[in-house]
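S.K.: So here's my_file32.cif, just mmCIF, C-alpha atoms and all ligand atoms:
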data_work
#
loop_
_atom_site.label_atom_id
_atom_site.label_comp_id
_atom_site.auth_asym_id
_atom_site.auth_seq_id
_atom_site.Cartn_x
_atom_site.Cartn_y
_atom_site.Cartn_z
CA MET B 1 0.00 0.00 0.00
CA PRO B 2 1.69 3.24 -1.10
CA GLY B 3 1.47 6.11 1.39
CA PRO B 4 -0.91 9.02 0.89
CA VAL B 5 -0.31 12.25 -0.99
CA VAL B 6 -0.15 14.80 1.81
CA ALA B 7 -0.69 18.52 1.20
CA LEU B 8 -0.29 21.52 3.50
CA ALA B 9 -3.28 23.75 2.83
CA GLY B 10 -4.80 27.16 3.50
CA GLY B 11 -8.15 28.17 2.03
CA VAL B 12 -9.06 29.23 -1.50
CA GLY B 13 -5.76 28.64 -3.34
CA ALA B 14 -5.30 25.32 -1.57
CA ALA B 15 -8.86 24.17 -2.20
CA ARG B 16 -8.62 24.84 -5.93
CA PHE B 17 -5.36 22.93 -6.07
CA LEU B 18 -6.67 20.03 -3.94
CA ARG B 19 -9.57 19.61 -6.35
CA GLY B 20 -6.89 18.81 -8.94
CA VAL B 21 -4.92 16.52 -6.64
CA ALA B 22 -8.09 14.58 -5.74
CA ALA B 23 -8.74 14.04 -9.46
CA ALA B 24 -5.14 13.13 -10.33
CA VAL B 25 -4.95 10.40 -7.67
CA PRO B 26 -7.72 8.46 -5.87
CA PRO B 27 -9.18 11.05 -3.43
CA GLY B 28 -9.14 8.57 -0.53
CA GLU B 29 -5.33 8.55 -0.86
CA VAL B 30 -5.05 12.32 -0.29
CA VAL B 31 -4.63 13.96 3.12
CA ALA B 32 -4.93 17.74 3.48
CA ILE B 33 -3.36 19.26 6.59
CA VAL B 34 -5.21 22.54 6.95
CA ASN B 35 -4.36 25.84 8.64
CA THR B 36 -6.46 26.68 11.70
CA GLY B 37 -4.75 30.01 12.41
CA ASP B 38 -7.79 31.78 10.93
CA ASP B 39 -10.23 30.05 13.32
CA HIS B 40 -12.23 32.50 15.39
CA PRO B 41 -15.48 32.57 17.36
CA PHE B 42 -18.09 34.65 15.52
CA TYR B 43 -21.69 35.00 16.80
CA GLY B 44 -20.98 32.33 19.40
CA VAL B 45 -19.89 29.65 16.92
CA HIS B 46 -16.47 28.18 16.10
CA VAL B 47 -15.65 29.29 12.56
CA SER B 48 -12.83 27.41 10.79
CA PRO B 49 -12.54 29.34 7.52
CA ASP B 50 -9.84 27.27 5.84
CA LEU B 51 -11.19 23.85 6.89
CA ASP B 52 -14.62 24.78 5.54
CA ILE B 53 -13.33 26.29 2.29
CA VAL B 54 -11.44 23.05 1.62
CA LEU B 55 -14.41 20.83 2.54
CA TYR B 56 -16.99 22.88 0.62
CA THR B 57 -14.76 23.03 -2.46
CA LEU B 58 -14.04 19.30 -2.47
CA ALA B 59 -17.77 18.67 -1.98
CA GLY B 60 -18.52 20.83 -5.04
CA ARG B 61 -20.62 23.10 -2.82
CA ILE B 62 -18.39 26.22 -2.65
CA HIS B 63 -19.75 29.60 -3.76
CA PRO B 64 -18.03 29.84 -7.15
CA GLU B 65 -17.31 33.59 -7.29
CA ARG B 66 -16.53 34.26 -3.64
CA GLY B 67 -14.43 31.10 -3.16
CA TYR B 68 -15.70 30.76 0.42
CA GLY B 69 -19.11 29.94 1.88
CA LEU B 70 -21.75 27.72 0.32
CA ALA B 71 -23.27 28.25 -3.12
CA GLY B 72 -26.84 29.52 -2.90
CA ASP B 73 -26.61 30.26 0.84
CA SER B 74 -28.79 32.96 2.42
CA PHE B 75 -27.86 35.46 5.14
CA ALA B 76 -30.99 35.71 7.27
CA VAL B 77 -29.20 35.02 10.57
CA VAL B 78 -26.43 37.63 10.19
CA ASP B 79 -28.90 40.17 8.85
CA ALA B 80 -31.23 39.54 11.79
CA LEU B 81 -28.27 39.86 14.18
CA GLY B 82 -27.38 43.13 12.46
CA ALA B 83 -30.90 44.43 13.04
CA LEU B 84 -30.42 43.62 16.73
CA GLY B 85 -27.30 45.78 16.80
CA HIS B 86 -24.50 43.26 16.28
CA GLU B 87 -21.50 44.00 14.08
CA THR B 88 -21.87 41.78 11.02
CA TRP B 89 -18.71 42.36 9.01
CA PHE B 90 -18.07 38.62 9.05
CA ARG B 91 -20.69 37.47 6.53
CA LEU B 92 -21.45 33.92 7.63
CA GLY B 93 -24.24 32.38 5.52
CA ASP B 94 -27.13 30.50 7.12
CA ARG B 95 -26.13 26.99 6.08
CA ASP B 96 -22.49 27.83 6.77
CA PHE B 97 -23.69 28.94 10.21
CA ALA B 98 -25.18 25.46 10.69
CA THR B 99 -21.80 23.83 9.95
CA CYS B 100 -20.11 26.07 12.51
CA LEU B 101 -22.88 25.61 15.10
CA HIS B 102 -22.58 21.84 14.64
CA ARG B 103 -18.80 22.11 15.18
CA THR B 104 -19.36 24.20 18.31
CA LEU B 105 -21.90 21.77 19.78
CA ARG B 106 -19.67 18.76 19.15
CA LEU B 107 -16.65 20.50 20.65
CA ARG B 108 -18.71 21.52 23.65
CA ALA B 109 -19.83 17.89 24.05
CA GLY B 110 -16.16 16.92 24.30
CA GLU B 111 -15.45 15.71 20.75
CA ARG B 112 -12.08 16.85 19.38
CA LEU B 113 -11.62 19.07 16.31
CA ALA B 114 -10.09 16.34 14.09
CA ALA B 115 -13.03 14.00 14.76
CA VAL B 116 -15.58 16.78 14.26
CA THR B 117 -13.92 17.74 10.97
CA ASP B 118 -13.98 14.14 9.82
CA GLY B 119 -17.69 13.95 10.60
CA ILE B 120 -18.37 17.07 8.53
CA ARG B 121 -16.25 15.61 5.72
CA ARG B 122 -18.36 12.44 5.66
CA ALA B 123 -21.62 14.37 5.85
CA PHE B 124 -20.54 16.37 2.78
CA GLY B 125 -19.51 13.23 0.90
CA VAL B 126 -15.84 14.24 0.62
CA GLU B 127 -13.40 11.35 0.17
CA THR B 128 -10.19 13.36 0.65
CA HIS B 129 -9.03 13.21 4.26
CA VAL B 130 -8.97 16.62 5.90
CA LEU B 131 -7.02 17.19 9.11
CA PRO B 132 -6.73 20.40 11.12
CA MET B 133 -3.05 21.24 11.70
CA SER B 134 -3.78 21.33 15.44
CA GLU B 135 -6.66 20.91 17.85
CA ASP B 136 -5.26 23.64 20.11
CA PRO B 137 -6.29 27.29 19.56
CA CYS B 138 -3.71 28.86 17.20
CA PRO B 139 -4.97 32.37 16.40
CA THR B 140 -2.78 34.29 13.95
CA PHE B 141 -2.38 38.00 14.74
CA VAL B 142 -1.21 40.73 12.40
CA THR B 143 0.68 43.68 13.83
CA LEU B 144 0.25 47.02 12.13
CA ASP B 145 1.86 50.45 12.23
CA GLY B 146 1.93 51.83 15.73
CA GLY B 147 1.93 48.33 17.25
CA ARG B 148 -1.81 47.70 16.78
CA ARG B 149 -2.44 43.95 16.86
CA VAL B 150 -5.53 42.37 15.27
CA HIS B 151 -6.71 38.81 14.63
CA PHE B 152 -6.13 37.78 11.01
CA GLU B 153 -9.88 37.76 10.20
CA GLU B 154 -10.21 41.27 11.65
CA TYR B 155 -7.28 42.34 9.47
CA LEU B 156 -8.77 40.72 6.34
CA ALA B 157 -12.55 40.84 6.60
CA ARG B 158 -13.14 43.81 8.91
CA ASP B 159 -10.29 46.15 8.01
CA GLY B 160 -9.91 45.21 4.32
CA ALA B 161 -6.26 44.07 4.55
CA PRO B 162 -4.42 47.40 4.95
CA ASP B 163 -0.80 47.53 3.76
CA ASP B 164 0.87 48.86 6.94
CA VAL B 165 1.75 45.35 8.12
CA ARG B 166 4.75 45.27 10.46
CA GLY B 167 4.73 41.61 11.38
CA VAL B 168 2.74 38.43 11.93
CA ASP B 169 2.38 36.82 15.34
CA LEU B 170 2.29 33.01 15.19
CA SER B 171 3.08 32.52 18.88
CA ALA B 172 -0.10 30.49 19.50
CA ALA B 173 0.78 28.04 16.69
CA ARG B 174 4.32 27.85 18.09
CA ALA B 175 2.90 26.62 21.40
CA ALA B 176 0.38 24.19 19.84
CA ARG B 177 0.56 20.43 19.31
CA PRO B 178 -0.02 18.82 15.90
CA ALA B 179 -3.47 17.23 15.61
CA PRO B 180 -3.59 13.43 15.86
CA GLY B 181 -2.62 11.91 12.52
CA VAL B 182 -0.65 14.89 11.21
CA LEU B 183 2.90 13.69 11.92
CA GLU B 184 1.95 10.11 11.00
CA ALA B 185 0.56 11.21 7.61
CA ILE B 186 3.74 13.20 6.85
CA ALA B 187 5.99 10.28 7.82
CA LYS B 188 4.21 7.75 5.60
CA ALA B 189 3.44 10.09 2.67
CA ARG B 190 4.46 9.11 -0.85
CA ALA B 191 4.52 12.77 -1.83
CA LEU B 192 4.41 15.98 0.23
CA LEU B 193 2.95 19.09 -1.36
CA VAL B 194 2.73 22.69 -0.17
CA CYS B 195 -0.38 24.13 -1.85
CA PRO B 196 -0.30 27.52 -3.63
CA SER B 197 -1.51 29.17 -0.43
CA ASN B 198 -0.58 32.33 1.39
CA PRO B 199 2.94 31.50 2.66
CA VAL B 200 2.71 33.88 5.63
CA VAL B 201 -0.72 33.28 7.17
CA SER B 202 -1.80 29.92 5.67
CA ILE B 203 1.38 27.81 5.41
CA GLY B 204 3.33 29.84 8.02
CA PRO B 205 1.10 28.77 10.92
CA ILE B 206 1.23 25.08 9.87
CA LEU B 207 5.04 25.15 9.74
CA ALA B 208 5.11 26.97 13.10
CA VAL B 209 3.43 24.08 14.96
CA PRO B 210 6.31 22.31 16.74
CA GLY B 211 7.14 19.00 15.12
CA ILE B 212 5.66 19.63 11.66
CA ARG B 213 8.74 21.23 10.07
CA GLU B 214 10.92 18.51 11.61
CA ALA B 215 8.58 15.77 10.32
CA LEU B 216 8.74 17.26 6.80
CA ALA B 217 12.54 17.38 6.93
CA ALA B 218 12.71 13.77 8.16
CA ALA B 219 10.05 12.37 5.79
CA ARG B 220 11.05 9.87 3.15
CA ALA B 221 8.98 11.67 0.46
CA PRO B 222 10.27 14.86 -1.15
CA VAL B 223 8.44 18.14 -0.48
CA VAL B 224 7.23 20.11 -3.52
CA ALA B 225 5.73 23.60 -3.11
CA ILE B 226 3.65 25.55 -5.64
CA SER B 227 4.03 29.32 -5.91
CA PRO B 228 0.94 31.37 -5.01
CA ILE B 229 2.63 34.40 -6.57
CA ILE B 230 2.34 34.91 -10.33
CA ALA B 231 4.24 37.74 -12.05
CA GLY B 232 5.06 39.43 -8.75
CA ALA B 233 1.50 39.47 -7.40
CA PRO B 234 -0.91 37.16 -5.59
CA VAL B 235 -3.79 35.88 -7.73
CA LYS B 236 -6.12 37.07 -4.95
CA GLY B 237 -5.76 38.14 -1.33
CA PRO B 238 -3.20 40.01 0.77
CA ALA B 239 -0.11 37.79 0.36
CA ASP B 240 1.79 40.77 -1.13
CA ARG B 241 1.12 43.00 1.91
CA LEU B 242 1.97 40.21 4.36
CA LEU B 243 5.17 39.14 2.56
CA ARG B 244 6.31 42.77 2.47
CA GLY B 245 5.35 43.11 6.14
CA ILE B 246 7.72 40.29 7.12
CA GLY B 247 10.45 41.60 4.80
CA VAL B 248 10.21 38.98 2.04
CA GLU B 249 10.29 39.81 -1.68
CA VAL B 250 6.84 39.47 -3.30
CA SER B 251 7.85 36.92 -5.93
CA ALA B 252 8.10 33.21 -6.59
CA ARG B 253 11.76 33.57 -5.57
CA GLY B 254 10.77 35.13 -2.23
CA VAL B 255 8.33 32.28 -1.52
CA ALA B 256 10.87 29.62 -2.56
CA GLY B 257 13.33 31.20 -0.13
CA LEU B 258 10.81 30.83 2.72
CA TYR B 259 10.49 27.10 1.94
CA ARG B 260 14.13 26.38 1.10
CA ASP B 261 14.77 24.33 4.24
CA ILE B 262 11.86 21.95 3.55
CA ALA B 263 11.15 21.99 -0.20
CA ARG B 264 13.20 20.01 -2.68
CA GLY B 265 10.95 21.01 -5.57
CA PHE B 266 9.15 24.22 -6.50
CA VAL B 267 6.53 24.83 -9.20
CA LEU B 268 6.44 28.38 -10.53
CA ASP B 269 4.47 30.13 -13.21
CA GLU B 270 5.73 30.51 -16.77
CA ARG B 271 5.41 34.30 -16.33
CA ASP B 272 8.18 33.96 -13.72
CA ALA B 273 10.41 31.62 -15.73
CA ALA B 274 13.31 34.08 -15.45
CA LEU B 275 13.43 33.41 -11.68
CA ALA B 276 13.93 29.64 -12.07
CA PRO B 277 17.76 29.78 -12.11
CA ASP B 278 17.81 31.78 -8.83
CA ILE B 279 15.50 29.20 -7.22
CA GLU B 280 17.60 26.30 -8.55
CA ALA B 281 20.62 28.05 -7.01
CA LEU B 282 18.93 27.57 -3.59
CA GLY B 283 19.22 23.84 -4.23
CA VAL B 284 15.54 23.51 -5.17
CA ARG B 285 14.51 21.79 -8.43
CA THR B 286 11.91 23.74 -10.42
CA ALA B 287 9.08 23.07 -12.86
CA VAL B 288 7.70 25.97 -14.91
CA LEU B 289 4.18 26.06 -16.34
CA ASP B 290 0.93 28.02 -16.44
CA THR B 291 -0.16 27.79 -12.78
CA LEU B 292 -3.37 29.84 -12.99
CA MET B 293 -6.24 27.51 -11.99
CA ARG B 294 -9.18 28.66 -14.10
CA ASP B 295 -11.18 25.44 -13.82
CA THR B 296 -10.86 21.81 -12.76
CA ALA B 297 -8.83 20.89 -15.85
CA THR B 298 -6.14 23.48 -15.08
CA SER B 299 -6.12 22.42 -11.40
CA ILE B 300 -5.54 18.81 -12.45
CA ARG B 301 -2.71 19.85 -14.78
CA LEU B 302 -1.02 21.77 -11.95
CA ALA B 303 -1.46 18.83 -9.54
CA GLU B 304 0.01 16.42 -12.10
CA ALA B 305 3.00 18.72 -12.65
CA ALA B 306 3.66 18.95 -8.90
CA LEU B 307 3.32 15.18 -8.46
CA GLY B 308 5.55 14.62 -11.49
CA LEU B 309 8.25 16.86 -10.02
CA ALA B 310 7.93 14.99 -6.69
CA ALA B 311 8.30 11.62 -8.47
CA SER B 312 11.41 12.84 -10.29
CA LEU B 313 13.01 13.77 -6.94
CA GLU B 314 12.58 10.37 -5.27
P1 LIG J 401 -7.04 31.78 1.79
O1 LIG J 401 -6.76 31.17 3.14
O2 LIG J 401 -8.47 31.69 1.39
O3 LIG J 401 -6.40 33.10 1.57
O4 LIG J 401 -6.37 30.78 0.77
P2 LIG J 401 -4.90 30.27 0.53
O5 LIG J 401 -3.93 30.77 1.51
O6 LIG J 401 -4.99 28.79 0.32
O7 LIG J 401 -4.65 30.87 -0.88
C1 LIG J 401 -4.38 32.22 -1.11
C2 LIG J 401 -3.30 32.25 -2.16
O8 LIG J 401 -3.68 31.43 -3.26
C3 LIG J 401 -3.08 33.63 -2.71
O9 LIG J 401 -1.79 34.05 -2.36
C4 LIG J 401 -3.23 33.44 -4.22
O10 LIG J 401 -2.25 34.12 -4.94
C5 LIG J 401 -3.10 31.96 -4.41
N1 LIG J 401 -3.85 31.48 -5.57
C6 LIG J 401 -5.20 31.58 -5.73
N2 LIG J 401 -5.55 31.09 -6.95
C7 LIG J 401 -4.38 30.67 -7.55
C8 LIG J 401 -4.08 30.08 -8.82
O11 LIG J 401 -4.95 29.85 -9.64
N3 LIG J 401 -2.76 29.79 -9.07
C9 LIG J 401 -1.77 30.05 -8.17
N4 LIG J 401 -0.51 29.73 -8.51
N5 LIG J 401 -2.04 30.62 -6.97
C10 LIG J 401 -3.31 30.92 -6.66
CA CA J 402 -7.32 31.44 5.24
#
Have the structure of the file written as structure tokens, please.
M.R.:
Amino acid sequence: MPGPVVALAGGVGAARFLRGVAAAVPPGEVVAIVNTGDDHPFYGVHVSPDLDIVLYTLAGRIHPERGYGLAGDSFAVVDALGALGHETWFRLGDRDFATCLHRTLRLRAGERLAAVTDGIRRAFGVETHVLPMSEDPCPTFVTLDGGRRVHFEEYLARDGAPDDVRGVDLSAARAARPAPGVLEAIAKARALLVCPSNPVVSIGPILAVPGIREALAAARAPVVAISPIIAGAPVKGPADRLLRGIGVEVSARGVAGLYRDIARGFVLDERDAALAPDIEALGVRTAVLDTLMRDTATSIRLAEAALGLAASLE
């Protein structure tokens, strides 16, 4: 029995890529290890943005334009809360609310986050295994000009991702334990992928959990990362502001540098082909292709390229 394909994942970029991975290999042989640094209580329920984006996408239920939340969802609960005077900048849909309320009730009953997540996975008919990086609270904070410190979701959804980022605080992840199954999956993986996710606030927290970086370095399978930066800019989201905020060049080269101690392979976009020699000079083998995932077919092509690079490094 060959080991699973294991992928470190954030939200939207990861989910689009995982859709390709789960089509390129049998989905039951894929394990996604998902960032929980974005988790936050909203309206009394435990919201896990990245876990739910991955699950909804793999279930074919994601809102296609937004990339988060459920297709066709309504917003009666948040709107009613707004009418009662609550702040409603976090737009949680009604059915999405039910997922998060379910998670909250199970956690309150003593079930652990990995088991709750697995139950949601089965209820949504998803075959890909989805693991939280940790079951401990790991909130990611962003520090801004003047030392102001906000939770990542406040930075992104409430404040609109301003560009005066001075740093990112992953201290909670640094004190957390990997969820059950995480280190085991990495150790027995046949390929290890780092999804085209935000390197600072999606992959950064996963790598900050003690033991995960070490497990990747010790794993028998090679690690291959995919650049979320195309032509010097993120496809979507604030990766540029966060990379700049931690003093890293906003480029495929900058991202490859962040992963140089774990990745043996790196997939970058053809628009960045000129950077491949610099990345190879870090001791990282590269593959260059169109990495923009427009649909399932392009996601599958990207997954196959990453898996092909991993196979060539064995
Ligand atoms: P989030 O948690 O929802 O922000 O999702 P992720 O961290 O998983 O993904 C965000 C990153 O995905 C951004 O930096 C995007 O640039 C990247 N991304 C989104 N779509 C694509 C794509 O089609 N190709 C590539 N290469 N990167 C993408
Ligand atoms: Ca996220």
S.K.: Looking at B:Ala59, B:Leu84, B:Ala175, B:Ala281, which one is nearest to Arg121 (chain B), with distances taken over only C-alpha atoms?
M.R.: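 Distance minimum relative to Arg121 (chain B) lands on B:Ala59.
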S.K.: If you measure from CA of Val165 (chain B) to CA of Thr291 (chain B), what distance in Å do you get, rounded to one decimal?
M.R.: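 So the answer is 27.4 Å.
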S.K.: Skip Leu131 (chain B) itself and residues of its chain fewer than 6 positions away, then list as JSON, numbers by chain all residues within 12 Å of it, counting all atoms listed in the file.
M.R.: {"B": [6, 7, 8, 9, 10, 30, 31, 32, 33, 34, 35, 36, 48, 50, 51, 52, 54, 55, 112, 113, 114, 115, 116, 117, 118, 119, 120, 121, 178, 179, 180, 181, 182, 183, 184, 185, 186, 206]}
S.K.: Calculated over only C-alpha atoms, which of the candidates B:Phe141, B:Phe42, B:Trp89, B:Tyr68 has the smallest distance to Ala157 (chain B)?
M.R.: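 Looking at the shortest contact to Ala157 (chain B), the residue is B:Trp89.
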S.K.: At a cut-off of 6 Å and counting all atoms listed in the file, what residues surround ligand LIG 401 (chain J)? Please answer as a PyMOL selection string.
M.R.: chain B and resi 9-14+50+196-198+202+227-229+234-237+239+291-293
S.K.: Out of B:Asp240, B:Leu58, B:Ala22, B:Asp136, which residue has the shortest atom-to-atom distance to Arg122 (chain B) when counting only C-alpha atoms?
M.R.: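 Looking at the shortest contact to Arg122 (chain B), the residue is B:Leu58.
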S.K.: With distances taken over all atoms listed in the file, which of B:Val5, B:Val47, B:Ala24, B:Ile230 is nearest to ligand CA 402 (chain J)?
M.R.: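 Using all atoms listed in the file, ligand CA 402 (chain J) sits closest to B:Val47.
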S.K.: Report, in Å with one decimal, the straight-line distance from CA of Gly72 (chain B) to CA of Phe17 (chain B).
M.R.: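 CA of Phe17 (chain B) lies at a distance of 22.7 Å from CA of Gly72 (chain B).
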S.K.: What is the distance, in Å and to one decimal place, between CA of Arg177 (chain B) and CA of Pro137 (chain B)?
M.R.: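 Atom-to-atom, CA of Arg177 (chain B) and CA of Pro137 (chain B) are spaced 9.7 Å apart.
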S.K.: Give me the residues within 7 Å of Val284 (chain B) as a ChimeraX atom specification, counting all atoms listed in the file and dropping any in the same chain fewer than 6 places off.
M.R.: /B:263-266
S.K.: Can you pull out every residue within 10 Å of His40 (chain B), counting all atoms listed in the file, but drop anything in the same chain fewer than 2 positions away, and send it as a PyMOL selection string?
M.R.: chain B and resi 36-38+42-49+137-140+151-154
S.K.: With distances taken over all atoms listed in the file, which residue among B:Val194, B:Ala306, B:Ala123, B:Leu156 lies nearest ligand CA 402 (chain J)?
M.R.: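 So, comparing all the options, the nearest one is B:Leu156.
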S.K.: Between B:Ala15, B:Leu307, B:Leu105, B:Ala176, which has the minimum distance to ligand CA 402 (chain J) (counting all atoms listed in the file)?
M.R.: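 Closest residue, counting all atoms listed in the file: B:Ala15.
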S.K.: Identify the residues within 10 Å of coordinate (-1.8, 45.3, 14.0) (same frame as the file), considering all atoms listed in the file, and give the answer as a JSON list (two decimals) with C-alpha atoms, keeping the file's coordinate frame.
M.R.:
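Full text of point_32.json as output:
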[["chain", "number", "residue", "atom", "x", "y", "z"],
["B", 141, "PHE", "CA", -2.38, 38.00, 14.74],
["B", 142, "VAL", "CA", -1.21, 40.73, 12.40],
["B", 143, "THR", "CA", 0.68, 43.68, 13.83],
["B", 144, "LEU", "CA", 0.25, 47.02, 12.13],
["B", 145, "ASP", "CA", 1.86, 50.45, 12.23],
["B", 146, "GLY", "CA", 1.93, 51.83, 15.73],
["B", 147, "GLY", "CA", 1.93, 48.33, 17.25],
["B", 148, "ARG", "CA", -1.81, 47.70, 16.78],
["B", 149, "ARG", "CA", -2.44, 43.95, 16.86],
["B", 150, "VAL", "CA", -5.53, 42.37, 15.27],
["B", 151, "HIS", "CA", -6.71, 38.81, 14.63],
["B", 152, "PHE", "CA", -6.13, 37.78, 11.01],
["B", 154, "GLU", "CA", -10.21, 41.27, 11.65],
["B", 155, "TYR", "CA", -7.28, 42.34, 9.47],
["B", 162, "PRO", "CA", -4.42, 47.40, 4.95],
["B", 164, "ASP", "CA", 0.87, 48.86, 6.94],
["B", 165, "VAL", "CA", 1.75, 45.35, 8.12],
["B", 166, "ARG", "CA", 4.75, 45.27, 10.46],
["B", 167, "GLY", "CA", 4.73, 41.61, 11.38],
["B", 168, "VAL", "CA", 2.74, 38.43, 11.93],
["B", 169, "ASP", "CA", 2.38, 36.82, 15.34]]
S.K.: Which polymer residues, protein or nucleic acid, are no farther than 7 Å from (2.9, 33.5, 12.2), counting only C-alpha atoms, as a PyMOL selection string?
M.R.: chain B and resi 140+168-171+200-201+204-205+208
S.K.: Please output region 165-188 of chain B, rebuilt to include N, CA and C atoms, as a PDB file, in the frame of the given file.
M.R.:
ATOM      1  N   VAL B 165       1.405  46.522   7.314  1.00  0.00           N
ATOM      2  CA  VAL B 165       1.750  45.350   8.120  1.00  0.00           C
ATOM      3  C   VAL B 165       3.188  45.465   8.602  1.00  0.00           C
ATOM      4  N   ARG B 166       3.395  45.229   9.900  1.00  0.00           N
ATOM      5  CA  ARG B 166       4.750  45.270  10.460  1.00  0.00           C
ATOM      6  C   ARG B 166       5.243  43.885  10.873  1.00  0.00           C
ATOM      7  N   GLY B 167       4.315  42.956  11.005  1.00  0.00           N
ATOM      8  CA  GLY B 167       4.730  41.610  11.380  1.00  0.00           C
ATOM      9  C   GLY B 167       3.521  40.707  11.579  1.00  0.00           C
ATOM     10  N   VAL B 168       3.797  39.418  11.720  1.00  0.00           N
ATOM     11  CA  VAL B 168       2.740  38.430  11.930  1.00  0.00           C
ATOM     12  C   VAL B 168       3.108  37.637  13.173  1.00  0.00           C
ATOM     13  N   ASP B 169       2.137  37.483  14.065  1.00  0.00           N
ATOM     14  CA  ASP B 169       2.380  36.820  15.340  1.00  0.00           C
ATOM     15  C   ASP B 169       1.799  35.409  15.303  1.00  0.00           C
ATOM     16  N   LEU B 170       2.703  34.421  15.238  1.00  0.00           N
ATOM     17  CA  LEU B 170       2.290  33.010  15.190  1.00  0.00           C
ATOM     18  C   LEU B 170       2.587  32.322  16.521  1.00  0.00           C
ATOM     19  N   SER B 171       2.635  33.106  17.612  1.00  0.00           N
ATOM     20  CA  SER B 171       3.080  32.520  18.880  1.00  0.00           C
ATOM     21  C   SER B 171       2.121  31.422  19.362  1.00  0.00           C
ATOM     22  N   ALA B 172       0.833  31.539  19.058  1.00  0.00           N
ATOM     23  CA  ALA B 172      -0.100  30.490  19.500  1.00  0.00           C
ATOM     24  C   ALA B 172       0.204  29.182  18.772  1.00  0.00           C
ATOM     25  N   ALA B 173       0.426  29.253  17.453  1.00  0.00           N
ATOM     26  CA  ALA B 173       0.780  28.040  16.690  1.00  0.00           C
ATOM     27  C   ALA B 173       2.088  27.452  17.217  1.00  0.00           C
ATOM     28  N   ARG B 174       3.013  28.330  17.589  1.00  0.00           N
ATOM     29  CA  ARG B 174       4.320  27.850  18.090  1.00  0.00           C
ATOM     30  C   ARG B 174       4.203  27.103  19.405  1.00  0.00           C
ATOM     31  N   ALA B 175       3.094  27.306  20.117  1.00  0.00           N
ATOM     32  CA  ALA B 175       2.900  26.620  21.400  1.00  0.00           C
ATOM     33  C   ALA B 175       1.877  25.483  21.275  1.00  0.00           C
ATOM     34  N   ALA B 176       1.442  25.192  20.048  1.00  0.00           N
ATOM     35  CA  ALA B 176       0.380  24.190  19.840  1.00  0.00           C
ATOM     36  C   ALA B 176       0.980  22.816  19.548  1.00  0.00           C
ATOM     37  N   ARG B 177       0.131  21.787  19.675  1.00  0.00           N
ATOM     38  CA  ARG B 177       0.560  20.430  19.310  1.00  0.00           C
ATOM     39  C   ARG B 177      -0.082  20.057  17.972  1.00  0.00           C
ATOM     40  N   PRO B 178       0.618  19.287  17.137  1.00  0.00           N
ATOM     41  CA  PRO B 178      -0.020  18.820  15.900  1.00  0.00           C
ATOM     42  C   PRO B 178      -1.248  17.983  16.241  1.00  0.00           C
ATOM     43  N   ALA B 179      -2.276  18.071  15.393  1.00  0.00           N
ATOM     44  CA  ALA B 179      -3.470  17.230  15.610  1.00  0.00           C
ATOM     45  C   ALA B 179      -3.097  15.763  15.422  1.00  0.00           C
ATOM     46  N   PRO B 180      -3.862  14.857  16.042  1.00  0.00           N
ATOM     47  CA  PRO B 180      -3.590  13.430  15.860  1.00  0.00           C
ATOM     48  C   PRO B 180      -3.633  13.084  14.368  1.00  0.00           C
ATOM     49  N   GLY B 181      -2.653  12.333  13.924  1.00  0.00           N
ATOM     50  CA  GLY B 181      -2.620  11.910  12.520  1.00  0.00           C
ATOM     51  C   GLY B 181      -1.728  12.750  11.637  1.00  0.00           C
ATOM     52  N   VAL B 182      -1.409  13.980  12.069  1.00  0.00           N
ATOM     53  CA  VAL B 182      -0.650  14.890  11.210  1.00  0.00           C
ATOM     54  C   VAL B 182       0.777  14.385  10.983  1.00  0.00           C
ATOM     55  N   LEU B 183       1.497  14.122  12.067  1.00  0.00           N
ATOM     56  CA  LEU B 183       2.900  13.690  11.920  1.00  0.00           C
ATOM     57  C   LEU B 183       2.970  12.312  11.263  1.00  0.00           C
ATOM     58  N   GLU B 184       1.996  11.458  11.577  1.00  0.00           N
ATOM     59  CA  GLU B 184       1.950  10.110  11.000  1.00  0.00           C
ATOM     60  C   GLU B 184       1.751  10.200   9.487  1.00  0.00           C
ATOM     61  N   ALA B 185       0.835  11.063   9.052  1.00  0.00           N
ATOM     62  CA  ALA B 185       0.560  11.210   7.610  1.00  0.00           C
ATOM     63  C   ALA B 185       1.817  11.695   6.891  1.00  0.00           C
ATOM     64  N   ILE B 186       2.517  12.658   7.489  1.00  0.00           N
ATOM     65  CA  ILE B 186       3.740  13.200   6.850  1.00  0.00           C
ATOM     66  C   ILE B 186       4.784  12.099   6.743  1.00  0.00           C
ATOM     67  N   ALA B 187       4.940  11.319   7.802  1.00  0.00           N
ATOM     68  CA  ALA B 187       5.990  10.280   7.820  1.00  0.00           C
ATOM     69  C   ALA B 187       5.733   9.212   6.765  1.00  0.00           C
ATOM     70  N   LYS B 188       4.462   8.855   6.534  1.00  0.00           N
ATOM     71  CA  LYS B 188       4.210   7.750   5.600  1.00  0.00           C
ATOM     72  C   LYS B 188       3.829   8.228   4.204  1.00  0.00           C
TER      73      LYS B 188
END
